[in-house]
Amino acid sequence: MIGAMYCEILGNNLLPSVRALKMGRGWVFQHDNEPKHTARITKEWLCRKHIKVLAWPSQSPDLNPIENLWRELKLCVSQRQARNLTDLEKICVEWGKIP
């Protein structure tokens, strides 16, 4: 994925979610230092949209709260292999139960 595609994803998902959740202007966006996140096109897009971005130290995945979720998700999903749509739906329910 490149910066332009990342910006498109943010435009199609982040901004509508912010509006739907009525978050106003007091929120701060967090992403890591992946190249697509630090690309000039991404930085310019975020600036044009007046999105505040949390400064993030490089090489620090341990600071990202989502990293804890990936471990939990791997454990839940690896224990339940989907063989059909019903199985997949059950796995999705497991995802919804993760705090």
# chains A, B, ... in the order shown; residues from 1 in each chain; ligands from 1
>>> select_by_dssp(residues="chain A", states="helix (DSSP H, G or I)", output="PDB file with C-alpha atoms, in the first residue's frame")
ATOM      1  CA  GLY A   3       0.475   6.874   0.791  1.00  0.00           C
ATOM      2  CA  ALA A   4      -2.207   7.793  -1.747  1.00  0.00           C
ATOM      3  CA  MET A   5      -4.145   4.607  -1.043  1.00  0.00           C
ATOM      4  CA  TYR A   6      -3.766   5.157   2.699  1.00  0.00           C
ATOM      5  CA  CYS A   7      -5.203   8.669   2.337  1.00  0.00           C
ATOM      6  CA  GLU A   8      -8.131   7.262   0.382  1.00  0.00           C
ATOM      7  CA  ILE A   9      -8.796   4.726   3.139  1.00  0.00           C
ATOM      8  CA  LEU A  10      -8.641   7.453   5.787  1.00  0.00           C
ATOM      9  CA  GLY A  11     -10.991   9.646   3.770  1.00  0.00           C
ATOM     10  CA  ASN A  12     -13.476   6.825   3.284  1.00  0.00           C
ATOM     11  CA  ASN A  13     -13.338   5.499   6.838  1.00  0.00           C
ATOM     12  CA  LEU A  14     -11.714   7.787   9.401  1.00  0.00           C
ATOM     13  CA  LEU A  15     -13.575  10.982   8.604  1.00  0.00           C
ATOM     14  CA  PRO A  16     -17.039   9.354   8.362  1.00  0.00           C
ATOM     15  CA  SER A  17     -16.384   7.556  11.661  1.00  0.00           C
ATOM     16  CA  VAL A  18     -15.362  10.794  13.370  1.00  0.00           C
ATOM     17  CA  ARG A  19     -18.567  12.437  12.144  1.00  0.00           C
ATOM     18  CA  ALA A  20     -20.759   9.460  13.076  1.00  0.00           C
ATOM     19  CA  PRO A  35       6.304   4.576   5.298  1.00  0.00           C
ATOM     20  CA  LYS A  36       2.754   5.152   4.052  1.00  0.00           C
ATOM     21  CA  HIS A  37       1.954   6.975   7.301  1.00  0.00           C
ATOM     22  CA  THR A  38       4.957   9.282   6.997  1.00  0.00           C
ATOM     23  CA  ARG A  40       4.557  13.468   2.137  1.00  0.00           C
ATOM     24  CA  ILE A  41       1.151  12.902   0.511  1.00  0.00           C
ATOM     25  CA  THR A  42      -0.186  11.530   3.813  1.00  0.00           C
ATOM     26  CA  LYS A  43       1.228  14.377   5.896  1.00  0.00           C
ATOM     27  CA  GLU A  44      -0.209  16.938   3.474  1.00  0.00           C
ATOM     28  CA  TRP A  45      -3.614  15.212   3.452  1.00  0.00           C
ATOM     29  CA  LEU A  46      -3.753  15.142   7.264  1.00  0.00           C
ATOM     30  CA  CYS A  47      -2.743  18.810   7.387  1.00  0.00           C
ATOM     31  CA  ARG A  48      -5.401  19.823   4.827  1.00  0.00           C
ATOM     32  CA  PRO A  61       5.478  -1.043  18.257  1.00  0.00           C
ATOM     33  CA  ASP A  62       5.296  -1.816  21.986  1.00  0.00           C
ATOM     34  CA  LEU A  63       3.690   1.595  22.549  1.00  0.00           C
ATOM     35  CA  ILE A  66      -3.408  -2.433  19.080  1.00  0.00           C
ATOM     36  CA  GLU A  67      -0.348  -4.701  19.363  1.00  0.00           C
ATOM     37  CA  ASN A  68      -1.841  -6.272  22.503  1.00  0.00           C
ATOM     38  CA  LEU A  69      -5.016  -7.017  20.590  1.00  0.00           C
ATOM     39  CA  TRP A  70      -3.218  -8.846  17.762  1.00  0.00           C
ATOM     40  CA  ARG A  71      -1.855 -11.434  20.221  1.00  0.00           C
ATOM     41  CA  GLU A  72      -5.306 -11.989  21.697  1.00  0.00           C
ATOM     42  CA  LEU A  73      -6.856 -12.243  18.242  1.00  0.00           C
ATOM     43  CA  LYS A  74      -4.248 -14.768  17.075  1.00  0.00           C
ATOM     44  CA  LEU A  75      -4.979 -16.969  20.076  1.00  0.00           C
ATOM     45  CA  CYS A  76      -8.746 -16.850  19.576  1.00  0.00           C
ATOM     46  CA  VAL A  77      -8.662 -17.386  15.826  1.00  0.00           C
ATOM     47  CA  SER A  78      -5.968 -20.079  15.824  1.00  0.00           C
ATOM     48  CA  LEU A  85     -19.741 -19.237   6.858  1.00  0.00           C
ATOM     49  CA  THR A  86     -21.232 -20.227  10.213  1.00  0.00           C
ATOM     50  CA  ASP A  87     -17.768 -20.898  11.633  1.00  0.00           C
ATOM     51  CA  LEU A  88     -16.567 -17.537  10.336  1.00  0.00           C
ATOM     52  CA  GLU A  89     -19.534 -15.786  11.947  1.00  0.00           C
ATOM     53  CA  LYS A  90     -18.673 -17.443  15.275  1.00  0.00           C
ATOM     54  CA  ILE A  91     -15.098 -16.213  14.982  1.00  0.00           C
ATOM     55  CA  CYS A  92     -16.424 -12.708  14.329  1.00  0.00           C
ATOM     56  CA  VAL A  93     -18.454 -12.981  17.531  1.00  0.00           C
ATOM     57  CA  GLU A  94     -15.208 -13.871  19.361  1.00  0.00           C
ATOM     58  CA  TRP A  95     -13.636 -10.733  17.915  1.00  0.00           C
ATOM     59  CA  GLY A  96     -16.541  -8.711  19.284  1.00  0.00           C
ATOM     60  CA  LYS A  97     -15.963 -10.123  22.778  1.00  0.00           C
TER      61      LYS A  97
END
